[in-house]
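See structure below.
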There are 2 protein chains.
Amino acid sequence: MSEAAARQVAIVGLGLIGSSIARGAAAAGWRVTGWDADGAVRDEARTLGLGEVPASVGSAVEGADLVILCVPVGAMGAAAAAIAPYLSMHTVVSDVGSCKASVAAALAEALPGTEIVPAHPVAGTERSGPAAGFASLFQGRWCILTPAADADKAAVALVTAFWRALGATVEVMTPEHHDRVLAVTSHLPHLIAYTIVGTASDLEEVTQGEVIKYSAGGFRDFTRIAASDPTMWRDVFLTNRAAVLEMLGRFSEDLAMMQRAIRWGDGDALFDLFTRTRAVRRSIVEQGQDDARPDFGRGQGDAAV
Amino acid sequence: MSEAAARQVAIVGLGLIGSSIARGAAAAGWRVTGWDADGAVRDEARTLGLGEVPASVGSAVEGADLVILCVPVGAMGAAAAAIAPYLSMHTVVSDVGSCKASVAAALAEALPGTEIVPAHPVAGTERSGPAAGFASLFQGRWCILTPAADADKAAVALVTAFWRALGATVEVMTPEHHDRVLAVTSHLPHLIAYTIVGTASDLEEVTQGEVIKYSAGGFRDFTRIAASDPTMWRDVFLTNRAAVLEMLGRFSEDLAMMQRAIRWGDGDALFDLFTRTRAVRRSIVEQGQDDARPDFGRGQGDAAV
């Protein structure tokens with residue numbers, strides 16, 4: 001490839017994340033090719049103008065400088081095997097999976113001899129599908145790379161430059177540490193949100209209509225992440241099992257302690273925790289990881305009440 | 001009082017809710033008087049122009065058509081006792097407490113012979129204090145009244161008209177049913193959010209800095225409600241103890257079932273729940289109880305990244 005030619009990124013899997021990358025990469029001047037195992041999604045991607053979307057995965061990845069797999073973590077191995085015959089010598093393969101140890105192993109097994117730089121952009125919304133994506137999704141967010149200790153430096157530099165071009169800040173850590181960090185900052189919150197929404201739906205005496213009506217008291221905050229893609233999240237929990245179970249164990253212990261404080265009327269224990277947690281929120285807002293406006297700035301958009 | 005004169009509402013407790021009511025009532029043409037046990041809050045309320053704020057609670061409530069107690073639920077009995085000597089024959093007393101059975105009992109005991117119409121506007125933000133309030137907080141939200149079976153119809157009508165003037169839709173139910181509905185839609189979500197933020201802060205291997213950095217993966221949604229007023233929420237859990245403990249028991253059972261599904265690799269059980277919970281979110285958005293924009297519309301305001 002001549003230095004003057006635009007570099008090519010191939011995106012396999014054109015859902016929320018894949019289509020957001022396609023838009024961001026095109027805006028950053030990359031040539032974008034894409035593919036999705038679902039023909040209807042490919043058609044939708046073509047209608048949306050998400051780069052070149054050929055009829056076969058081989059045509060999509062052939063000659064690409066970078067291939068990014070944007071499929072559920074349980075499908076990473078199969079997606080890597082499907083692209084393997086069509087990769088060029090210089091192609092670097094990356095992914096966006098929310099679990100890194102298992103994905104790194106699956107990619108290494110399916111793609112011997114290929115430079116692999118696993119990645120995880122910590123960004124998303126509760127929407128799914130190609131139409132849900134947008135180019136600014138990664139602006140100001142973190143993207144974590146988990147290259148092997150002996151990874152090619154140029155390959156890591158390429159993936160780093162790619163994510164910076166999309167507005168993300170890049171961090172490097174081991175897959176194992178990533179999986180523990182994300183178990184607490186992402187996986188456990190999703191599991192808890194899914195569970196409480198299920199608990200509320202199952203009540204007999206309080207109707208589901210009432211749960212929805214009075215959701216502004218706090219419940220609605222949980223329903224947003226409980227609307228996330230079911231396939232993606234099933235795979236996350238099956239894949240990052242050990243770390244999720246450990247964090248869940250810690251949470252359950254803490255919840256039991258709160259339950260005991262409520263039962264025995266220990267107001268000081270409750271007050272102490274509730275004061276401590278305020279500081280965490282303050283730090284998140286200060287570091288630009290959340291909207292500073294009260295109530296997430298709800299009610300300030302056209303779609304809001 | 002002549003029909004032509006503006007009606008007077010006295011607000012006792014000028015925090016987020018009290019100051020929002022003061023602003024909304026003034027906008028709706030009511031004469032507003034206010035008081036707070038904290039002298040610094042009274043000064044701030046005067047600076048903010050939140051109605052007339054005299055030096056004594058007696059002067060604030062004297063002659064009012066409606067007195068609304070906006071203090072933590074654990075302080076309702078004392079606040080009612082403090083105003084008792086100054087109420088007129090025609091004064092109706094209401095409140096905004098998040099628990100209704102205990103508050104209704106405390107008000108009835110402290111104010112024998114006074115017309116009492118307990119109320120709970122299901123609205124709020126994670127901010128506290130008089131400066132955090134705004135007049136539109138109750139627009140499109142529900143306000144639940146829990147009058148006794150033999151309550152005076154004119155008193156209920158007055159409180160209903162008041163909340164409608166502030167933009168709320170009024171519902172009537174028993175205090176006991178209210179406490180069970182809110183245990184699941186508000187109290188349990190807050191308890192879980194406070195707990196998980198505590199759990200995340202206590203990890204040794206994953207640093208608090210990492211928890212904050214990667215919070216956009218889901219955790220940050222929980223930190224918003226875990227930044228709510230500690231005193232208010234301590235009182236809620238001590239007061240609505242039975243209903244909260246029951247809902248917490250159900251949640252813990254459901255969470256144990258999810259834990260088992262993860263441990264045994266039961267992907268179908270996870271997928272089934274994750275699919276079911278999507279529909280609940282859809283209903284909440286359809287009924288105007290949350291922002292339809294993805295990610296709560298984050299990043300669309302001036303304060304956002």
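Going through the structure tokens in order, the chains are called A, B, and so on, while each chain numbers its residues from 1 and the ligands are numbered from 1 in the order shown.
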- prompt: Could you pull the residues within 10 Å of Ala75 (chain B), counting only C-alpha atoms, minus those fewer than 5 positions along the same chain, as a PyMOL selection string?
  reply: chain B and resi 69-70+80+97+103+106+232+235
Could you take the residues named above and write them with C-alpha atoms, as a CSV table (one decimal), in the first residue's frame?
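Final file, result.csv:
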```csv
chain,number,residue,atom,x,y,z
B,69,LEU,CA,-44.2,19.6,55.0
B,70,CYS,CA,-41.1,19.0,52.8
B,80,ALA,CA,-46.0,18.8,62.4
B,97,GLY,CA,-42.8,12.1,52.1
B,103,VAL,CA,-46.0,9.7,57.9
B,106,ALA,CA,-47.2,10.8,62.6
B,232,MET,CA,-33.7,11.6,53.2
B,235,ASP,CA,-35.2,7.8,56.8
```
What lies within 12 Å of region 20-24 of chain A using only C-alpha atoms, ignoring chain neighbours under 4 positions off, as a PDB file with N, CA and C atoms, in the first residue's frame?
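result-v4.pdb, freshly written:
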```
ATOM      1  N   GLN A   8      -7.482   1.124   4.730  1.00  0.00           N
ATOM      2  CA  GLN A   8      -8.793   0.464   4.689  1.00  0.00           C
ATOM      3  C   GLN A   8      -9.069  -0.275   5.987  1.00  0.00           C
ATOM      4  N   VAL A   9     -10.247  -0.015   6.565  1.00  0.00           N
ATOM      5  CA  VAL A   9     -10.695  -0.784   7.726  1.00  0.00           C
ATOM      6  C   VAL A   9     -11.917  -1.606   7.304  1.00  0.00           C
ATOM      7  N   ALA A  10     -11.916  -2.885   7.669  1.00  0.00           N
ATOM      8  CA  ALA A  10     -13.063  -3.756   7.385  1.00  0.00           C
ATOM      9  C   ALA A  10     -13.764  -4.050   8.702  1.00  0.00           C
ATOM     10  N   ILE A  11     -15.064  -3.834   8.705  1.00  0.00           N
ATOM     11  CA  ILE A  11     -15.835  -4.016   9.935  1.00  0.00           C
ATOM     12  C   ILE A  11     -16.773  -5.198   9.767  1.00  0.00           C
ATOM     13  N   VAL A  12     -16.594  -6.200  10.607  1.00  0.00           N
ATOM     14  CA  VAL A  12     -17.411  -7.409  10.513  1.00  0.00           C
ATOM     15  C   VAL A  12     -18.405  -7.399  11.666  1.00  0.00           C
ATOM     16  N   GLY A  13     -19.676  -7.216  11.321  1.00  0.00           N
ATOM     17  CA  GLY A  13     -20.710  -7.058  12.334  1.00  0.00           C
ATOM     18  C   GLY A  13     -21.118  -5.597  12.362  1.00  0.00           C
ATOM     19  N   LEU A  14     -22.331  -5.297  11.807  1.00  0.00           N
ATOM     20  CA  LEU A  14     -22.693  -3.884  11.613  1.00  0.00           C
ATOM     21  C   LEU A  14     -23.835  -3.433  12.532  1.00  0.00           C
ATOM     22  N   GLY A  15     -23.747  -3.825  13.791  1.00  0.00           N
ATOM     23  CA  GLY A  15     -24.743  -3.384  14.773  1.00  0.00           C
ATOM     24  C   GLY A  15     -24.414  -1.996  15.293  1.00  0.00           C
ATOM     25  N   LEU A  16     -24.863  -1.710  16.526  1.00  0.00           N
ATOM     26  CA  LEU A  16     -24.624  -0.388  17.126  1.00  0.00           C
ATOM     27  C   LEU A  16     -23.149   0.005  17.087  1.00  0.00           C
ATOM     28  N   ALA A  28     -13.014  10.041   9.572  1.00  0.00           N
ATOM     29  CA  ALA A  28     -11.583  10.242   9.810  1.00  0.00           C
ATOM     30  C   ALA A  28     -10.754   9.951   8.562  1.00  0.00           C
ATOM     31  N   GLY A  29     -11.407   9.668   7.434  1.00  0.00           N
ATOM     32  CA  GLY A  29     -10.690   9.519   6.174  1.00  0.00           C
ATOM     33  C   GLY A  29     -10.261   8.103   5.815  1.00  0.00           C
ATOM     34  N   TRP A  30     -10.725   7.121   6.569  1.00  0.00           N
ATOM     35  CA  TRP A  30     -10.413   5.733   6.226  1.00  0.00           C
ATOM     36  C   TRP A  30     -11.366   5.247   5.134  1.00  0.00           C
ATOM     37  N   ARG A  31     -10.872   4.340   4.311  1.00  0.00           N
ATOM     38  CA  ARG A  31     -11.766   3.619   3.407  1.00  0.00           C
ATOM     39  C   ARG A  31     -12.433   2.525   4.247  1.00  0.00           C
ATOM     40  N   VAL A  32     -13.759   2.447   4.181  1.00  0.00           N
ATOM     41  CA  VAL A  32     -14.494   1.516   5.040  1.00  0.00           C
ATOM     42  C   VAL A  32     -15.200   0.449   4.212  1.00  0.00           C
ATOM     43  N   THR A  33     -14.909  -0.816   4.548  1.00  0.00           N
ATOM     44  CA  THR A  33     -15.698  -1.921   3.997  1.00  0.00           C
ATOM     45  C   THR A  33     -16.370  -2.600   5.174  1.00  0.00           C
ATOM     46  N   GLY A  34     -17.521  -3.228   4.911  1.00  0.00           N
ATOM     47  CA  GLY A  34     -18.240  -3.836   6.021  1.00  0.00           C
ATOM     48  C   GLY A  34     -18.945  -5.107   5.622  1.00  0.00           C
ATOM     49  N   TRP A  35     -19.290  -5.882   6.620  1.00  0.00           N
ATOM     50  CA  TRP A  35     -20.037  -7.111   6.376  1.00  0.00           C
ATOM     51  C   TRP A  35     -20.795  -7.499   7.630  1.00  0.00           C
ATOM     52  N   ALA A  45     -27.371  -1.567   6.008  1.00  0.00           N
ATOM     53  CA  ALA A  45     -26.097  -0.833   6.035  1.00  0.00           C
ATOM     54  C   ALA A  45     -25.849  -0.139   4.697  1.00  0.00           C
ATOM     55  N   ARG A  46     -26.209  -0.811   3.614  1.00  0.00           N
ATOM     56  CA  ARG A  46     -26.035  -0.184   2.293  1.00  0.00           C
ATOM     57  C   ARG A  46     -26.946   1.038   2.173  1.00  0.00           C
ATOM     58  N   LEU A  48     -27.993   2.858   4.541  1.00  0.00           N
ATOM     59  CA  LEU A  48     -27.475   3.904   5.430  1.00  0.00           C
ATOM     60  C   LEU A  48     -26.150   4.489   4.923  1.00  0.00           C
ATOM     61  N   GLY A  49     -25.592   3.869   3.876  1.00  0.00           N
ATOM     62  CA  GLY A  49     -24.326   4.372   3.338  1.00  0.00           C
ATOM     63  C   GLY A  49     -23.126   4.097   4.223  1.00  0.00           C
ATOM     64  N   LEU A  50     -23.140   2.950   4.921  1.00  0.00           N
ATOM     65  CA  LEU A  50     -22.040   2.617   5.830  1.00  0.00           C
ATOM     66  C   LEU A  50     -20.887   1.959   5.077  1.00  0.00           C
ATOM     67  N   GLY A  51     -20.218   2.674   4.220  1.00  0.00           N
ATOM     68  CA  GLY A  51     -19.077   2.130   3.480  1.00  0.00           C
ATOM     69  C   GLY A  51     -19.510   1.132   2.414  1.00  0.00           C
ATOM     70  N   GLU A  52     -18.506   0.382   1.890  1.00  0.00           N
ATOM     71  CA  GLU A  52     -18.798  -0.626   0.868  1.00  0.00           C
ATOM     72  C   GLU A  52     -19.172  -1.926   1.574  1.00  0.00           C
ATOM     73  N   VAL A  53     -20.343  -2.459   1.223  1.00  0.00           N
ATOM     74  CA  VAL A  53     -20.795  -3.703   1.859  1.00  0.00           C
ATOM     75  C   VAL A  53     -20.995  -4.760   0.774  1.00  0.00           C
ATOM     76  N   VAL A  67      -8.889  -5.176  10.369  1.00  0.00           N
ATOM     77  CA  VAL A  67     -10.216  -5.794  10.420  1.00  0.00           C
ATOM     78  C   VAL A  67     -10.679  -5.727  11.867  1.00  0.00           C
ATOM     79  N   ILE A  68     -11.892  -5.215  12.080  1.00  0.00           N
ATOM     80  CA  ILE A  68     -12.416  -5.146  13.450  1.00  0.00           C
ATOM     81  C   ILE A  68     -13.666  -6.015  13.543  1.00  0.00           C
ATOM     82  N   LEU A  69     -13.609  -7.012  14.415  1.00  0.00           N
ATOM     83  CA  LEU A  69     -14.752  -7.900  14.601  1.00  0.00           C
ATOM     84  C   LEU A  69     -15.694  -7.284  15.634  1.00  0.00           C
ATOM     85  N   CYS A  70     -16.921  -7.009  15.211  1.00  0.00           N
ATOM     86  CA  CYS A  70     -17.903  -6.347  16.082  1.00  0.00           C
ATOM     87  C   CYS A  70     -19.113  -7.253  16.267  1.00  0.00           C
ATOM     88  N   ASP A  95     -10.904  -6.355  17.665  1.00  0.00           N
ATOM     89  CA  ASP A  95     -12.311  -6.651  17.959  1.00  0.00           C
ATOM     90  C   ASP A  95     -12.803  -5.590  18.937  1.00  0.00           C
ATOM     91  N   VAL A  96     -14.057  -5.705  19.349  1.00  0.00           N
ATOM     92  CA  VAL A  96     -14.605  -4.740  20.313  1.00  0.00           C
ATOM     93  C   VAL A  96     -15.286  -5.440  21.488  1.00  0.00           C
ATOM     94  N   PRO A 121     -13.758  -0.701  23.232  1.00  0.00           N
ATOM     95  CA  PRO A 121     -14.194   0.685  23.456  1.00  0.00           C
ATOM     96  C   PRO A 121     -15.306   0.689  24.509  1.00  0.00           C
ATOM     97  N   ALA A 123     -18.037   2.150  25.531  1.00  0.00           N
ATOM     98  CA  ALA A 123     -19.061   3.096  25.078  1.00  0.00           C
ATOM     99  C   ALA A 123     -20.214   2.286  24.511  1.00  0.00           C
ATOM    100  N   GLY A 124     -21.367   2.889  24.420  1.00  0.00           N
ATOM    101  CA  GLY A 124     -22.529   2.193  23.878  1.00  0.00           C
ATOM    102  C   GLY A 124     -23.795   2.887  24.303  1.00  0.00           C
ATOM    103  N   THR A 125     -24.903   2.438  23.776  1.00  0.00           N
ATOM    104  CA  THR A 125     -26.211   2.904  24.245  1.00  0.00           C
ATOM    105  C   THR A 125     -27.079   1.658  24.372  1.00  0.00           C
ATOM    106  N   ARG A 127     -29.527   0.995  22.530  1.00  0.00           N
ATOM    107  CA  ARG A 127     -30.087   0.657  21.223  1.00  0.00           C
ATOM    108  C   ARG A 127     -29.253  -0.413  20.529  1.00  0.00           C
ATOM    109  N   SER A 128     -29.840  -1.091  19.541  1.00  0.00           N
ATOM    110  CA  SER A 128     -29.124  -2.096  18.764  1.00  0.00           C
ATOM    111  C   SER A 128     -29.354  -1.847  17.281  1.00  0.00           C
ATOM    112  N   GLY A 129     -28.494  -2.439  16.461  1.00  0.00           N
ATOM    113  CA  GLY A 129     -28.681  -2.397  15.016  1.00  0.00           C
ATOM    114  C   GLY A 129     -27.955  -1.268  14.328  1.00  0.00           C
ATOM    115  N   PRO A 130     -27.780  -1.385  12.998  1.00  0.00           N
ATOM    116  CA  PRO A 130     -26.971  -0.419  12.239  1.00  0.00           C
ATOM    117  C   PRO A 130     -27.487   1.015  12.304  1.00  0.00           C
ATOM    118  N   ALA A 131     -28.813   1.189  12.378  1.00  0.00           N
ATOM    119  CA  ALA A 131     -29.362   2.551  12.382  1.00  0.00           C
ATOM    120  C   ALA A 131     -29.089   3.262  13.711  1.00  0.00           C
ATOM    121  N   ALA A 132     -28.773   2.492  14.761  1.00  0.00           N
ATOM    122  CA  ALA A 132     -28.559   3.078  16.091  1.00  0.00           C
ATOM    123  C   ALA A 132     -27.176   3.715  16.243  1.00  0.00           C
ATOM    124  N   GLY A 133     -26.265   3.415  15.315  1.00  0.00           N
ATOM    125  CA  GLY A 133     -24.901   3.913  15.448  1.00  0.00           C
ATOM    126  C   GLY A 133     -24.750   5.385  15.115  1.00  0.00           C
ATOM    127  N   PHE A 134     -23.692   6.008  15.654  1.00  0.00           N
ATOM    128  CA  PHE A 134     -23.377   7.407  15.320  1.00  0.00           C
ATOM    129  C   PHE A 134     -21.886   7.639  15.540  1.00  0.00           C
ATOM    130  N   ALA A 135     -21.325   8.531  14.721  1.00  0.00           N
ATOM    131  CA  ALA A 135     -19.867   8.700  14.661  1.00  0.00           C
ATOM    132  C   ALA A 135     -19.254   9.186  15.964  1.00  0.00           C
ATOM    133  N   SER A 136     -20.000   9.942  16.761  1.00  0.00           N
ATOM    134  CA  SER A 136     -19.404  10.544  17.962  1.00  0.00           C
ATOM    135  C   SER A 136     -19.508   9.645  19.195  1.00  0.00           C
ATOM    136  N   LEU A 137     -19.954   8.394  19.015  1.00  0.00           N
ATOM    137  CA  LEU A 137     -20.157   7.505  20.169  1.00  0.00           C
ATOM    138  C   LEU A 137     -18.902   7.345  21.024  1.00  0.00           C
ATOM    139  N   PHE A 138     -17.730   7.413  20.397  1.00  0.00           N
ATOM    140  CA  PHE A 138     -16.493   7.122  21.130  1.00  0.00           C
ATOM    141  C   PHE A 138     -15.746   8.380  21.599  1.00  0.00           C
ATOM    142  N   GLN A 139     -16.272   9.541  21.249  1.00  0.00           N
ATOM    143  CA  GLN A 139     -15.651  10.821  21.640  1.00  0.00           C
ATOM    144  C   GLN A 139     -15.569  10.938  23.158  1.00  0.00           C
ATOM    145  N   PHE A 162      -5.998   4.381  15.256  1.00  0.00           N
ATOM    146  CA  PHE A 162      -7.369   4.263  14.765  1.00  0.00           C
ATOM    147  C   PHE A 162      -8.367   4.776  15.805  1.00  0.00           C
ATOM    148  N   TRP A 163      -8.214   4.308  17.052  1.00  0.00           N
ATOM    149  CA  TRP A 163      -9.186   4.703  18.076  1.00  0.00           C
ATOM    150  C   TRP A 163      -9.050   6.173  18.464  1.00  0.00           C
ATOM    151  N   ARG A 164      -7.817   6.667  18.419  1.00  0.00           N
ATOM    152  CA  ARG A 164      -7.650   8.111  18.699  1.00  0.00           C
ATOM    153  C   ARG A 164      -8.342   8.940  17.625  1.00  0.00           C
ATOM    154  N   ALA A 165      -8.287   8.451  16.379  1.00  0.00           N
ATOM    155  CA  ALA A 165      -8.943   9.182  15.286  1.00  0.00           C
ATOM    156  C   ALA A 165     -10.454   9.246  15.485  1.00  0.00           C
ATOM    157  N   LEU A 166     -10.987   8.263  16.217  1.00  0.00           N
ATOM    158  CA  LEU A 166     -12.427   8.245  16.491  1.00  0.00           C
ATOM    159  C   LEU A 166     -12.764   9.007  17.780  1.00  0.00           C
ATOM    160  N   GLY A 167     -11.764   9.630  18.392  1.00  0.00           N
ATOM    161  CA  GLY A 167     -12.024  10.478  19.561  1.00  0.00           C
ATOM    162  C   GLY A 167     -11.813   9.808  20.896  1.00  0.00           C
ATOM    163  N   ALA A 168     -11.404   8.535  20.896  1.00  0.00           N
ATOM    164  CA  ALA A 168     -11.238   7.812  22.158  1.00  0.00           C
ATOM    165  C   ALA A 168      -9.845   8.030  22.747  1.00  0.00           C
TER     166      ALA A 168
END
```
task: Grab the CA of Ala119 (chain B) to CA of Ile144 (chain B) distance for me, in Å with one decimal place.
output: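 Here the two named atoms are 5.6 Å from each other.
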Quick one: residues within 9 Å of His177 (chain B), only C-alpha atoms, excluding same-chain residues fewer than 4 positions away - as a compact mmCIF listing (two decimals) with C-alpha atoms, in the first residue's frame?
```
# COMPACT_ATOMS: atom_id res chain seq x y z
CA GLU A 205 -49.96 -7.25 43.97
CA VAL A 206 -48.25 -4.24 42.42
CA MET B 173 -54.41 5.10 46.79
CA VAL B 181 -45.45 0.29 44.96
CA LEU B 182 -42.72 2.74 45.88
```
- request: DSSP on the backbone, then: every residue of region 104-167 of chain A marked strand (DSSP E or B), written as a list in words.
  value: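 Put together, the selection reads Glu115, Ile116, Ala119, His120, Pro121, Trp142, Cys143, Ile144 and Leu145 of chain A.
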Please produce a file of the residues just selected, as a PDB file, in the first residue's frame, where the atoms kept are C-alpha atoms.
```
ATOM      1  CA  GLU A 115      -1.165  -9.818  14.246  1.00  0.00           C
ATOM      2  CA  ILE A 116      -3.982  -9.520  16.776  1.00  0.00           C
ATOM      3  CA  ALA A 119      -9.685  -3.901  21.998  1.00  0.00           C
ATOM      4  CA  HIS A 120     -12.723  -2.771  23.955  1.00  0.00           C
ATOM      5  CA  PRO A 121     -14.194   0.685  23.456  1.00  0.00           C
ATOM      6  CA  TRP A 142     -11.881   5.104  26.819  1.00  0.00           C
ATOM      7  CA  CYS A 143     -10.754   2.323  24.537  1.00  0.00           C
ATOM      8  CA  ILE A 144      -8.825  -0.464  26.283  1.00  0.00           C
ATOM      9  CA  LEU A 145      -6.301  -2.520  24.281  1.00  0.00           C
TER      10      LEU A 145
END
```
Closest contacts (region 50-99 of chain B/region 151-157 of chain B, max 9 Å, only C-alpha atoms) as JSON lines:
```
{"residue": "B:Thr91", "atom": "CA", "partner": "B:Ala155", "partner_atom": "CA", "distance": 8.9}
{"residue": "B:Val92", "atom": "CA", "partner": "B:Ala155", "partner_atom": "CA", "distance": 6.2}
{"residue": "B:Val93", "atom": "CA", "partner": "B:Ala155", "partner_atom": "CA", "distance": 8.8}
```
task: Could you tell me which of B:Pro112, B:Gly218, B:Gly249, B:Pro85 comes closest to chain A if we count only C-alpha atoms?
output: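 Under the stated criterion, the closest residue is B:Gly218.
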- request: Could you check which of B:Ala193, B:Leu203, B:Val122, B:Ala261 is closest to chain A, using only C-alpha atoms?
  value: B:Val122
message: As an exercise, work out the distance from CA of Trp233 (chain A) to CA of Leu111 (chain A) in Å and give it to one decimal place.
response: 24.8 Å
